[in-house]
file final_36.tsv (TSV, C-alpha atoms and all ligand atoms)
chain	number	residue	atom	x	y	z
A	1	MET	CA	-4.09	4.56	-19.11
A	2	PRO	CA	-2.98	1.65	-16.90
A	3	LEU	CA	-3.60	2.24	-13.20
A	4	PRO	CA	-0.39	3.57	-11.60
A	5	ILE	CA	0.51	1.19	-8.75
A	6	VAL	CA	3.19	1.88	-6.16
A	7	HIS	CA	4.93	-1.14	-4.74
A	8	HIS	CA	8.15	-2.24	-3.06
A	9	PRO	CA	9.26	-5.81	-2.26
A	10	ASP	CA	10.26	-4.62	1.21
A	11	TYR	CA	6.65	-3.75	2.07
A	12	ASP	CA	6.86	-7.35	3.29
A	13	ALA	CA	8.86	-7.39	6.52
A	14	GLY	CA	8.97	-11.19	6.49
A	15	PHE	CA	7.05	-12.12	9.65
A	16	ALA	CA	6.44	-15.76	10.58
A	17	VAL	CA	3.43	-17.12	8.69
A	18	ASN	CA	1.48	-17.61	11.93
A	19	HIS	CA	2.02	-14.01	13.11
A	20	ARG	CA	-1.17	-12.15	14.03
A	21	PHE	CA	-0.33	-9.62	11.34
A	22	PRO	CA	-0.60	-11.39	7.93
A	23	MET	CA	2.54	-9.86	6.41
A	24	SER	CA	2.53	-12.26	3.44
A	25	LYS	CA	-0.52	-10.46	2.06
A	26	TYR	CA	1.80	-7.90	0.42
A	27	PRO	CA	3.66	-10.29	-1.92
A	28	LEU	CA	0.42	-12.26	-2.45
A	29	LEU	CA	-1.40	-9.07	-3.43
A	30	MET	CA	1.26	-8.35	-6.06
A	31	GLU	CA	0.90	-11.93	-7.30
A	32	ALA	CA	-2.87	-11.42	-7.53
A	33	LEU	CA	-2.35	-8.16	-9.44
A	34	ARG	CA	0.04	-9.88	-11.86
A	35	LEU	CA	-2.51	-12.64	-12.48
A	36	ARG	CA	-5.10	-9.96	-13.26
A	37	GLY	CA	-2.75	-8.24	-15.72
A	38	LEU	CA	-2.52	-5.11	-13.56
A	39	ALA	CA	1.16	-5.23	-12.64
A	40	ALA	CA	2.89	-4.61	-15.98
A	41	PRO	CA	6.28	-2.91	-15.46
A	42	ALA	CA	4.96	0.35	-16.98
A	43	ALA	CA	2.24	0.50	-14.32
A	44	LEU	CA	4.58	0.03	-11.35
A	45	SER	CA	6.55	2.64	-9.42
A	46	MET	CA	8.86	2.02	-6.49
A	47	PRO	CA	9.38	4.44	-3.59
A	48	GLU	CA	12.61	5.31	-1.80
A	49	PRO	CA	12.42	5.32	2.00
A	50	ALA	CA	10.74	8.53	3.23
A	51	PRO	CA	13.12	11.29	4.34
A	52	PRO	CA	12.82	11.85	8.12
A	53	ALA	CA	11.64	15.41	7.44
A	54	TRP	CA	8.46	14.04	5.81
A	55	LEU	CA	7.79	11.70	8.70
A	56	LYS	CA	8.31	14.52	11.20
A	57	LEU	CA	5.52	16.54	9.57
A	58	ALA	CA	3.11	13.96	11.02
A	59	HIS	CA	4.96	12.46	13.97
A	60	ALA	CA	6.90	13.61	17.01
A	61	ALA	CA	10.57	14.00	16.04
A	62	ASP	CA	11.79	11.77	18.87
A	63	TYR	CA	9.46	8.94	17.82
A	64	VAL	CA	10.61	9.17	14.19
A	65	ASP	CA	14.23	9.02	15.34
A	66	GLN	CA	13.45	5.99	17.53
A	67	VAL	CA	11.87	4.11	14.62
A	68	ILE	CA	14.74	4.90	12.25
A	69	ALA	CA	17.29	3.83	14.88
A	70	CYS	CA	15.19	0.73	15.78
A	71	GLN	CA	15.12	1.95	19.38
A	72	VAL	CA	11.39	2.18	20.01
A	73	PRO	CA	10.57	1.76	23.73
A	74	ASP	CA	9.00	-1.60	24.69
A	75	ARG	CA	5.84	0.12	25.85
A	76	ILE	CA	5.25	1.57	22.37
A	77	GLU	CA	6.25	-1.66	20.60
A	78	ARG	CA	3.62	-3.45	22.66
A	79	GLU	CA	1.03	-0.92	21.53
A	80	ILE	CA	2.12	-1.35	17.91
A	81	GLY	CA	1.89	-5.13	18.22
A	82	PHE	CA	5.35	-6.10	16.96
A	83	PRO	CA	8.99	-5.16	17.61
A	84	VAL	CA	10.41	-2.42	15.38
A	85	GLY	CA	13.54	-4.07	13.96
A	86	PRO	CA	15.36	-3.06	10.76
A	87	ARG	CA	12.81	-4.63	8.37
A	88	VAL	CA	9.77	-3.16	10.13
A	89	SER	CA	11.47	0.24	10.27
A	90	LEU	CA	12.34	0.13	6.55
A	91	ARG	CA	8.86	-1.08	5.67
A	92	ALA	CA	7.28	1.85	7.54
A	93	GLN	CA	9.54	4.36	5.78
A	94	LEU	CA	8.78	2.76	2.39
A	95	ALA	CA	5.02	2.53	2.90
A	96	SER	CA	4.83	6.21	3.88
A	97	ALA	CA	6.91	7.24	0.87
A	98	GLY	CA	4.75	4.93	-1.24
A	99	THR	CA	1.60	6.81	-0.31
A	100	VAL	CA	3.36	10.14	-1.03
A	101	LEU	CA	4.34	8.77	-4.45
A	102	ALA	CA	0.85	7.39	-5.13
A	103	ALA	CA	-0.65	10.78	-4.17
A	104	ARG	CA	1.65	12.56	-6.62
A	105	LEU	CA	0.75	10.04	-9.33
A	106	ALA	CA	-2.93	10.58	-8.54
A	107	LEU	CA	-2.54	14.35	-8.92
A	108	LYS	CA	-0.87	13.77	-12.28
A	109	HIS	CA	-2.98	10.93	-13.68
A	110	GLY	CA	-6.25	11.21	-11.75
A	111	ILE	CA	-5.95	7.95	-9.83
A	112	ALA	CA	-3.20	5.79	-8.34
A	113	CYS	CA	-2.90	3.18	-5.60
A	114	ASN	CA	-0.27	2.15	-3.11
A	115	ALA	CA	-0.09	-1.64	-2.62
A	116	ALA	CA	0.35	-0.97	1.11
A	117	GLY	CA	-0.55	1.89	3.45
A	118	GLY	CA	-3.57	2.89	5.48
A	119	SER	CA	-1.67	2.72	8.79
A	120	HIS	CA	-4.30	4.88	10.38
A	121	HIS	CA	-3.77	4.04	14.07
A	122	ALA	CA	-0.34	5.68	14.22
A	123	ARG	CA	-0.83	8.91	16.18
A	124	ARG	CA	1.39	11.98	16.30
A	125	ALA	CA	3.27	10.78	19.38
A	126	GLN	CA	3.68	7.10	18.43
A	127	GLY	CA	2.54	4.04	16.54
A	128	ALA	CA	-0.25	1.67	17.63
A	129	GLY	CA	-2.47	-1.14	16.34
A	130	PHE	CA	-0.03	-2.65	13.77
A	131	CYS	CA	0.75	0.88	12.49
A	132	THR	CA	4.24	2.38	12.75
A	133	PHE	CA	3.94	5.58	10.69
A	134	ASN	CA	0.67	7.06	9.45
A	135	ASP	CA	1.36	7.07	5.71
A	136	VAL	CA	-1.81	8.95	4.73
A	137	ALA	CA	-1.21	11.72	7.28
A	138	VAL	CA	2.43	11.95	6.14
A	139	ALA	CA	1.38	12.20	2.48
A	140	ALA	CA	-1.34	14.76	3.24
A	141	LEU	CA	1.11	16.96	5.13
A	142	VAL	CA	3.82	16.61	2.46
A	143	LEU	CA	1.37	17.74	-0.25
A	144	LEU	CA	0.26	20.67	1.90
A	145	ALA	CA	3.85	21.65	2.75
A	146	GLU	CA	4.82	21.58	-0.91
A	147	GLY	CA	1.72	23.49	-1.99
A	148	ALA	CA	0.73	20.59	-4.26
A	149	ALA	CA	-2.77	20.60	-2.72
A	150	GLU	CA	-4.77	22.91	-0.48
A	151	ASN	CA	-7.88	20.92	0.37
A	152	LEU	CA	-7.55	17.26	1.18
A	153	LEU	CA	-10.23	14.72	1.98
A	154	ILE	CA	-9.57	11.44	3.74
A	155	VAL	CA	-12.20	8.76	3.27
A	156	ASP	CA	-11.36	5.93	5.66
A	157	LEU	CA	-13.56	2.86	5.21
A	158	ASP	CA	-11.33	0.42	7.10
A	159	VAL	CA	-13.47	-1.35	9.73
A	160	HIS	CA	-11.42	0.29	12.48
A	161	GLN	CA	-11.83	3.96	13.31
A	162	GLY	CA	-9.12	6.24	11.90
A	163	ASP	CA	-8.01	7.50	15.32
A	164	GLY	CA	-4.38	8.19	14.44
A	165	THR	CA	-5.23	10.19	11.33
A	166	ALA	CA	-7.80	12.18	13.32
A	167	ASP	CA	-5.20	12.86	16.01
A	168	ILE	CA	-2.51	14.04	13.58
A	169	LEU	CA	-4.77	16.18	11.40
A	170	LYS	CA	-6.98	17.53	14.20
A	171	TYR	CA	-5.56	21.06	13.94
A	172	GLU	CA	-5.04	21.05	10.17
A	173	PRO	CA	-8.11	22.79	8.72
A	174	ARG	CA	-7.02	22.03	5.14
A	175	ALA	CA	-7.50	18.29	5.69
A	176	PHE	CA	-10.92	16.77	6.39
A	177	THR	CA	-11.05	13.34	7.99
A	178	PHE	CA	-14.01	11.00	7.49
A	179	SER	CA	-14.14	7.53	9.03
A	180	MET	CA	-16.92	4.95	8.70
A	181	HIS	CA	-16.20	1.95	10.89
A	182	GLY	CA	-17.51	-0.74	13.22
A	183	GLU	CA	-18.69	0.87	16.43
A	184	ARG	CA	-17.43	-1.99	18.62
A	185	ASN	CA	-14.15	-2.49	16.79
A	186	TYR	CA	-10.71	-1.27	17.95
A	187	PRO	CA	-9.83	1.33	19.11
A	188	VAL	CA	-11.89	1.34	22.29
A	189	ARG	CA	-11.19	5.04	22.82
A	190	LYS	CA	-11.82	6.67	19.47
A	191	ILE	CA	-10.43	10.09	18.56
A	192	ASP	CA	-13.01	12.24	16.79
A	193	SER	CA	-12.55	12.63	13.05
A	194	ASP	CA	-14.13	15.63	11.35
A	195	LEU	CA	-16.94	13.21	10.54
A	196	ASP	CA	-17.44	9.74	12.00
A	197	VAL	CA	-20.06	7.14	11.21
A	198	ALA	CA	-20.11	4.16	13.59
A	199	LEU	CA	-21.92	1.07	12.36
A	200	PRO	CA	-23.38	-1.74	14.49
A	201	ASP	CA	-22.03	-5.31	14.45
A	202	GLY	CA	-23.23	-7.36	11.52
A	203	THR	CA	-23.97	-4.43	9.20
A	204	GLY	CA	-24.14	-6.07	5.79
A	205	ASP	CA	-23.82	-4.92	2.19
A	206	ALA	CA	-27.18	-3.21	1.75
A	207	ALA	CA	-27.20	-1.06	4.91
A	208	TYR	CA	-23.48	-0.27	4.53
A	209	LEU	CA	-23.77	0.86	0.92
A	210	GLU	CA	-26.88	2.88	1.69
A	211	ARG	CA	-25.06	4.87	4.39
A	212	LEU	CA	-22.08	5.41	2.12
A	213	ALA	CA	-24.21	6.51	-0.83
A	214	ALA	CA	-25.83	9.15	1.37
A	215	ILE	CA	-22.54	10.47	2.76
A	216	LEU	CA	-20.37	10.78	-0.37
A	217	PRO	CA	-22.37	13.67	-1.89
A	218	GLU	CA	-22.34	15.38	1.51
A	219	LEU	CA	-18.53	15.17	1.59
A	220	SER	CA	-18.26	16.57	-1.92
A	221	GLU	CA	-20.53	19.48	-1.12
A	222	ARG	CA	-18.34	20.66	1.75
A	223	ARG	CA	-15.50	21.94	-0.41
A	224	HIS	CA	-13.71	21.47	-3.66
A	225	TRP	CA	-11.20	18.72	-2.88
A	226	ASP	CA	-7.82	18.75	-4.59
A	227	ILE	CA	-7.31	15.08	-3.74
A	228	VAL	CA	-9.00	12.29	-1.81
A	229	PHE	CA	-7.08	9.63	0.09
A	230	TYR	CA	-9.11	6.45	0.18
A	231	ASN	CA	-8.37	3.80	2.83
A	232	ALA	CA	-10.01	0.70	1.37
A	233	GLY	CA	-9.50	-1.64	4.32
A	234	VAL	CA	-11.10	-5.01	3.61
A	235	ASP	CA	-11.56	-5.91	7.28
A	236	VAL	CA	-15.23	-4.98	6.79
A	237	HIS	CA	-15.58	-8.44	5.18
A	238	ALA	CA	-17.71	-11.10	6.91
A	239	GLU	CA	-14.78	-13.52	6.97
A	240	ASP	CA	-12.33	-11.09	8.52
A	241	ARG	CA	-10.85	-12.24	11.83
A	242	LEU	CA	-11.07	-8.79	13.45
A	243	GLY	CA	-13.88	-6.94	11.70
A	244	ARG	CA	-17.41	-7.00	13.09
A	245	LEU	CA	-19.21	-5.96	9.91
A	246	ALA	CA	-20.48	-8.48	7.41
A	247	LEU	CA	-19.72	-7.37	3.86
A	248	THR	CA	-19.39	-9.87	1.01
A	249	ASP	CA	-17.04	-9.76	-1.98
A	250	ASP	CA	-19.90	-8.27	-4.00
A	251	GLY	CA	-20.35	-5.65	-1.32
A	252	LEU	CA	-16.65	-4.76	-1.46
A	253	ASN	CA	-16.80	-4.51	-5.24
A	254	ALA	CA	-19.82	-2.23	-5.01
A	255	ARG	CA	-18.14	-0.12	-2.32
A	256	GLU	CA	-14.96	0.45	-4.34
A	257	ASP	CA	-17.01	1.27	-7.43
A	258	MET	CA	-19.20	3.69	-5.49
A	259	VAL	CA	-16.26	5.58	-3.95
A	260	ILE	CA	-14.07	5.66	-7.03
A	261	SER	CA	-16.81	6.56	-9.51
A	262	HIS	CA	-18.07	9.26	-7.16
A	263	PHE	CA	-14.76	11.09	-7.03
A	264	ARG	CA	-13.74	10.30	-10.61
A	265	GLY	CA	-17.06	11.68	-11.77
A	266	ARG	CA	-16.26	14.95	-10.02
A	267	GLY	CA	-12.69	15.09	-11.30
A	268	VAL	CA	-11.16	14.67	-7.84
A	269	PRO	CA	-7.82	12.79	-7.96
A	270	LEU	CA	-7.95	9.63	-5.83
A	271	CYS	CA	-5.05	8.01	-4.00
A	272	GLY	CA	-6.01	4.52	-2.81
A	273	VAL	CA	-4.28	2.64	0.01
A	274	ILE	CA	-5.09	-0.92	1.02
A	275	GLY	CA	-5.70	-0.59	4.78
A	276	GLY	CA	-6.47	-3.54	7.02
A	277	GLY	CA	-7.42	-7.13	6.36
A	278	TYR	CA	-6.82	-9.99	8.77
A	279	SER	CA	-8.00	-13.32	7.44
A	280	THR	CA	-5.96	-16.41	8.15
A	281	ASP	CA	-6.65	-17.44	4.55
A	282	VAL	CA	-4.08	-15.01	3.16
A	283	PRO	CA	-4.58	-15.77	-0.56
A	284	ALA	CA	-8.30	-15.02	-0.11
A	285	LEU	CA	-7.34	-11.86	1.76
A	286	ALA	CA	-4.96	-10.77	-1.02
A	287	ALA	CA	-7.74	-11.34	-3.58
A	288	ARG	CA	-10.00	-9.11	-1.49
A	289	HIS	CA	-7.39	-6.33	-1.48
A	290	ALA	CA	-7.03	-6.80	-5.25
A	291	ILE	CA	-10.64	-5.65	-5.73
A	292	LEU	CA	-9.59	-2.03	-5.09
A	293	PHE	CA	-7.04	-2.28	-7.89
A	294	GLU	CA	-9.41	-4.01	-10.32
A	295	VAL	CA	-12.06	-1.35	-9.84
A	296	ALA	CA	-9.51	1.49	-9.89
A	297	ALA	CA	-7.98	0.09	-13.09
A	298	ARG	CA	-11.37	0.09	-14.81
A	299	HIS	CA	-11.85	3.73	-13.87
A	300	ALA	CA	-8.27	4.60	-14.85
A	301	ALA	CA	-8.87	3.11	-18.28
A	302	ASP	CA	-11.95	5.30	-18.74
A	303	TYR	CA	-9.95	8.45	-18.09
B	401	ZN	ZN	-8.56	-2.12	10.18
call {"tool": "encode", "arguments": {"input": "final_36.tsv", "output": "structure tokens", "more": "lines below"}}
Ligand SMILES: [Zn+2]
result
Amino acid sequence: MPLPIVHHPDYDAGFAVNHRFPMSKYPLLMEALRLRGLAAPAALSMPEPAPPAWLKLAHAADYVDQVIACQVPDRIEREIGFPVGPRVSLRAQLASAGTVLAARLALKHGIACNAAGGSHHARRAQGAGFCTFNDVAVAALVLLAEGAAENLLIVDLDVHQGDGTADILKYEPRAFTFSMHGERNYPVRKIDSDLDVALPDGTGDAAYLERLAAILPELSERRHWDIVFYNAGVDVHAEDRLGRLALTDDGLNAREDMVISHFRGRGVPLCGVIGGGYSTDVPALAARHAILFEVAARHAADY
């Protein structure tokens, strides 16, 4: 089976190339996937913008309305890191719906990835840290509301702590949040996940993979998971502009293989989202995000 990939051209909100948020990584990731033979039309699905009712499962209704109307207060836009105009608003609605769609495809086919998503700093009340809506929290709550899943695991390996996801799912016992991140990376004030592992600056491949290998079985022993959402942020890479860890491309490859084979081996459907990545060399960054898809495609083919 080809890996189901969810994508939309409007994931790219068309920022200036020198913007702090490397928006061009979305089209460049699709280009990288095409070059790797992973983006055949049969593999691709396109979301519709998320209905407000989905977004309001995870976020305060007034904030959702503000984003849809492009009337987000300046104070919140400053915390997000960019103004919420029509393209950013649409992109946030599409990326959230994209993760819902990828989760449904994962439940059906065992594994699927959204070529966006992982906006894990968006809290219930508002967005923050380049994140407008928290797509994974939205998707988790949609699946729960629909009865499509009862026990959800979130494995967040972006270099930044998953504070927004922890905030939104804090009182949802059916969802378990795990974040492994750089201790000294944003956010300064972290919000406790169900399980957090904070790593020191400069943690490289070997120590990182050792911690992860020890934790995955522990997560699987907690419960039978109906689905795992995997935030595969590549800002753990040594060349990332924001991340303080020091993984290599080989380390990323090994990480994706470790996570995906762990859950595939236990028959747990996996929904991958790309998470963060902030290199100024955007083609190199897109190639780093493509590793998730390459590894996932290998495992999808084995299914
Ligand atoms: Zn990040």
call {"tool": "atom_distance", "arguments": {"input": "final_36.tsv", "atom1": "CA of Asp62 in chain A", "atom2": "CA of Gly85 in chain A"}}
result
16.7 Å
call {"tool": "atom_distance", "arguments": {"input": "final_36.tsv", "atom1": "CA of Leu242 in chain A", "atom2": "CA of Leu28 in chain A"}}
result
19.9 Å
call {"tool": "residues_around", "arguments": {"input": "final_36.tsv", "residues": "Asp192 in chain A", "least_positions_apart": "5", "cutoff": "12 Å", "atoms": "all atoms listed in the file", "output": "list in words"}}
result
Gln161, Gly162, Asp163, Gly164, Thr165, Ala166, Asp167, Ile168, Leu169, Lys170, Tyr171, Phe176, Thr177, Phe178, Ser179, Met180, Pro187, Val197 and Ala198 of chain A
call {"tool": "residues_around", "arguments": {"input": "final_36.tsv", "residues": "Leu94 in chain A", "least_positions_apart": "2", "cutoff": "7 Å", "atoms": "only C-alpha atoms", "output": "number ranges by chain"}}
result
A: 11, 47-50, 90-92, 96-98
call {"tool": "write_last_selection", "arguments": {"input": "final_36.tsv", "atoms": "C-alpha atoms", "output": "PDB file, keeping the file's coordinate frame"}}
result
ATOM      1  CA  TYR A  11       6.650  -3.750   2.070  1.00  0.00           C
ATOM      2  CA  PRO A  47       9.380   4.440  -3.590  1.00  0.00           C
ATOM      3  CA  GLU A  48      12.610   5.310  -1.800  1.00  0.00           C
ATOM      4  CA  PRO A  49      12.420   5.320   2.000  1.00  0.00           C
ATOM      5  CA  ALA A  50      10.740   8.530   3.230  1.00  0.00           C
ATOM      6  CA  LEU A  90      12.340   0.130   6.550  1.00  0.00           C
ATOM      7  CA  ARG A  91       8.860  -1.080   5.670  1.00  0.00           C
ATOM      8  CA  ALA A  92       7.280   1.850   7.540  1.00  0.00           C
ATOM      9  CA  SER A  96       4.830   6.210   3.880  1.00  0.00           C
ATOM     10  CA  ALA A  97       6.910   7.240   0.870  1.00  0.00           C
ATOM     11  CA  GLY A  98       4.750   4.930  -1.240  1.00  0.00           C
TER      12      GLY A  98
END
call {"tool": "residues_around", "arguments": {"input": "final_36.tsv", "residues": "range 19-25 of chain A", "least_positions_apart": "4", "cutoff": "9 Å", "atoms": "all atoms listed in the file", "output": "list in words"}}
result
Tyr11, Asp12, Ala13, Gly14, Phe15, Leu29, Met30, Gly81, Phe82, Phe130, Gly277, Tyr278, Ser279, Thr280, Val282, Pro283, Leu285, Ala286 and His289 of chain A
call {"tool": "closest_residue", "arguments": {"input": "final_36.tsv", "among": "A:Arg241, A:His121, A:Arg222, A:Arg174", "to": "Ile191 in chain A", "atoms": "all atoms listed in the file"}}
result
A:His121
call {"tool": "closest_residue", "arguments": {"input": "final_36.tsv", "among": "A:Asp226, A:Glu218, A:Glu172, A:Glu183", "to": "Gly267 in chain A", "atoms": "all atoms listed in the file"}}
result
A:Asp226
call {"tool": "residues_near_ligand", "arguments": {"input": "final_36.tsv", "ligand": "ligand ZN 401 (chain B)", "cutoff": "10 Å", "atoms": "only C-alpha atoms and all ligand atoms", "output": "PyMOL selection string"}}
result
chain A and resi 118-121+129-130+156-162+181-182+185-187+231-236+240+242-243+274-278
call {"tool": "write_last_selection", "arguments": {"input": "final_36.tsv", "atoms": "C-alpha atoms", "output": "CSV table (one decimal), in the frame of the given file"}}
result
chain,number,residue,atom,x,y,z
A,118,GLY,CA,-3.6,2.9,5.5
A,119,SER,CA,-1.7,2.7,8.8
A,120,HIS,CA,-4.3,4.9,10.4
A,121,HIS,CA,-3.8,4.0,14.1
A,129,GLY,CA,-2.5,-1.1,16.3
A,130,PHE,CA,0.0,-2.6,13.8
A,156,ASP,CA,-11.4,5.9,5.7
A,157,LEU,CA,-13.6,2.9,5.2
A,158,ASP,CA,-11.3,0.4,7.1
A,159,VAL,CA,-13.5,-1.4,9.7
A,160,HIS,CA,-11.4,0.3,12.5
A,161,GLN,CA,-11.8,4.0,13.3
A,162,GLY,CA,-9.1,6.2,11.9
A,181,HIS,CA,-16.2,2.0,10.9
A,182,GLY,CA,-17.5,-0.7,13.2
A,185,ASN,CA,-14.2,-2.5,16.8
A,186,TYR,CA,-10.7,-1.3,18.0
A,187,PRO,CA,-9.8,1.3,19.1
A,231,ASN,CA,-8.4,3.8,2.8
A,232,ALA,CA,-10.0,0.7,1.4
A,233,GLY,CA,-9.5,-1.6,4.3
A,234,VAL,CA,-11.1,-5.0,3.6
A,235,ASP,CA,-11.6,-5.9,7.3
A,236,VAL,CA,-15.2,-5.0,6.8
A,240,ASP,CA,-12.3,-11.1,8.5
A,242,LEU,CA,-11.1,-8.8,13.4
A,243,GLY,CA,-13.9,-6.9,11.7
A,274,ILE,CA,-5.1,-0.9,1.0
A,275,GLY,CA,-5.7,-0.6,4.8
A,276,GLY,CA,-6.5,-3.5,7.0
A,277,GLY,CA,-7.4,-7.1,6.4
A,278,TYR,CA,-6.8,-10.0,8.8
call {"tool": "build_atoms", "arguments": {"input": "final_36.tsv", "residues": "range 189-205 of chain A", "atoms": "N, CA, C and O atoms", "output": "PDB file, keeping the file's coordinate frame"}}
result
ATOM      1  N   ARG A 189     -11.052   3.584  22.691  1.00  0.00           N
ATOM      2  CA  ARG A 189     -11.190   5.040  22.820  1.00  0.00           C
ATOM      3  C   ARG A 189     -10.915   5.673  21.466  1.00  0.00           C
ATOM      4  O   ARG A 189      -9.787   5.733  21.002  1.00  0.00           O
ATOM      5  N   LYS A 190     -11.968   6.110  20.807  1.00  0.00           N
ATOM      6  CA  LYS A 190     -11.820   6.670  19.470  1.00  0.00           C
ATOM      7  C   LYS A 190     -11.457   8.158  19.582  1.00  0.00           C
ATOM      8  O   LYS A 190     -11.763   8.798  20.586  1.00  0.00           O
ATOM      9  N   ILE A 191     -10.771   8.663  18.601  1.00  0.00           N
ATOM     10  CA  ILE A 191     -10.430  10.090  18.560  1.00  0.00           C
ATOM     11  C   ILE A 191     -11.285  10.684  17.440  1.00  0.00           C
ATOM     12  O   ILE A 191     -11.275  10.165  16.316  1.00  0.00           O
ATOM     13  N   ASP A 192     -12.043  11.726  17.760  1.00  0.00           N
ATOM     14  CA  ASP A 192     -13.010  12.240  16.790  1.00  0.00           C
ATOM     15  C   ASP A 192     -12.366  12.664  15.479  1.00  0.00           C
ATOM     16  O   ASP A 192     -11.450  13.488  15.459  1.00  0.00           O
ATOM     17  N   SER A 193     -12.878  12.131  14.380  1.00  0.00           N
ATOM     18  CA  SER A 193     -12.550  12.630  13.050  1.00  0.00           C
ATOM     19  C   SER A 193     -13.401  13.865  12.812  1.00  0.00           C
ATOM     20  O   SER A 193     -14.263  14.207  13.627  1.00  0.00           O
ATOM     21  N   ASP A 194     -13.218  14.535  11.678  1.00  0.00           N
ATOM     22  CA  ASP A 194     -14.130  15.630  11.350  1.00  0.00           C
ATOM     23  C   ASP A 194     -15.537  15.090  11.152  1.00  0.00           C
ATOM     24  O   ASP A 194     -16.517  15.754  11.455  1.00  0.00           O
ATOM     25  N   LEU A 195     -15.637  13.876  10.647  1.00  0.00           N
ATOM     26  CA  LEU A 195     -16.940  13.210  10.540  1.00  0.00           C
ATOM     27  C   LEU A 195     -16.733  11.712  10.767  1.00  0.00           C
ATOM     28  O   LEU A 195     -15.877  11.100  10.124  1.00  0.00           O
ATOM     29  N   ASP A 196     -17.495  11.166  11.712  1.00  0.00           N
ATOM     30  CA  ASP A 196     -17.440   9.740  12.000  1.00  0.00           C
ATOM     31  C   ASP A 196     -18.804   9.117  11.826  1.00  0.00           C
ATOM     32  O   ASP A 196     -19.809   9.704  12.254  1.00  0.00           O
ATOM     33  N   VAL A 197     -18.827   7.925  11.241  1.00  0.00           N
ATOM     34  CA  VAL A 197     -20.060   7.140  11.210  1.00  0.00           C
ATOM     35  C   VAL A 197     -19.715   5.773  11.797  1.00  0.00           C
ATOM     36  O   VAL A 197     -18.843   5.070  11.281  1.00  0.00           O
ATOM     37  N   ALA A 198     -20.360   5.437  12.921  1.00  0.00           N
ATOM     38  CA  ALA A 198     -20.110   4.160  13.590  1.00  0.00           C
ATOM     39  C   ALA A 198     -21.248   3.205  13.268  1.00  0.00           C
ATOM     40  O   ALA A 198     -22.415   3.554  13.448  1.00  0.00           O
ATOM     41  N   LEU A 199     -20.900   2.034  12.782  1.00  0.00           N
ATOM     42  CA  LEU A 199     -21.920   1.070  12.360  1.00  0.00           C
ATOM     43  C   LEU A 199     -22.013  -0.086  13.354  1.00  0.00           C
ATOM     44  O   LEU A 199     -21.007  -0.503  13.920  1.00  0.00           O
ATOM     45  N   PRO A 200     -23.221  -0.619  13.559  1.00  0.00           N
ATOM     46  CA  PRO A 200     -23.380  -1.740  14.490  1.00  0.00           C
ATOM     47  C   PRO A 200     -22.811  -3.045  13.925  1.00  0.00           C
ATOM     48  O   PRO A 200     -22.678  -3.202  12.707  1.00  0.00           O
ATOM     49  N   ASP A 201     -22.498  -3.977  14.836  1.00  0.00           N
ATOM     50  CA  ASP A 201     -22.030  -5.310  14.450  1.00  0.00           C
ATOM     51  C   ASP A 201     -22.984  -5.908  13.430  1.00  0.00           C
ATOM     52  O   ASP A 201     -24.208  -5.753  13.543  1.00  0.00           O
ATOM     53  N   GLY A 202     -22.408  -6.615  12.465  1.00  0.00           N
ATOM     54  CA  GLY A 202     -23.230  -7.360  11.520  1.00  0.00           C
ATOM     55  C   GLY A 202     -23.811  -6.543  10.389  1.00  0.00           C
ATOM     56  O   GLY A 202     -24.570  -7.068   9.571  1.00  0.00           O
ATOM     57  N   THR A 203     -23.473  -5.234  10.326  1.00  0.00           N
ATOM     58  CA  THR A 203     -23.970  -4.430   9.200  1.00  0.00           C
ATOM     59  C   THR A 203     -23.511  -5.103   7.895  1.00  0.00           C
ATOM     60  O   THR A 203     -22.337  -5.359   7.713  1.00  0.00           O
ATOM     61  N   GLY A 204     -24.448  -5.376   7.040  1.00  0.00           N
ATOM     62  CA  GLY A 204     -24.140  -6.070   5.790  1.00  0.00           C
ATOM     63  C   GLY A 204     -24.127  -5.120   4.606  1.00  0.00           C
ATOM     64  O   GLY A 204     -24.254  -3.895   4.768  1.00  0.00           O
ATOM     65  N   ASP A 205     -23.994  -5.707   3.416  1.00  0.00           N
ATOM     66  CA  ASP A 205     -23.820  -4.920   2.190  1.00  0.00           C
ATOM     67  C   ASP A 205     -24.851  -3.794   2.026  1.00  0.00           C
ATOM     68  O   ASP A 205     -24.493  -2.643   1.789  1.00  0.00           O
TER      69      ASP A 205
END
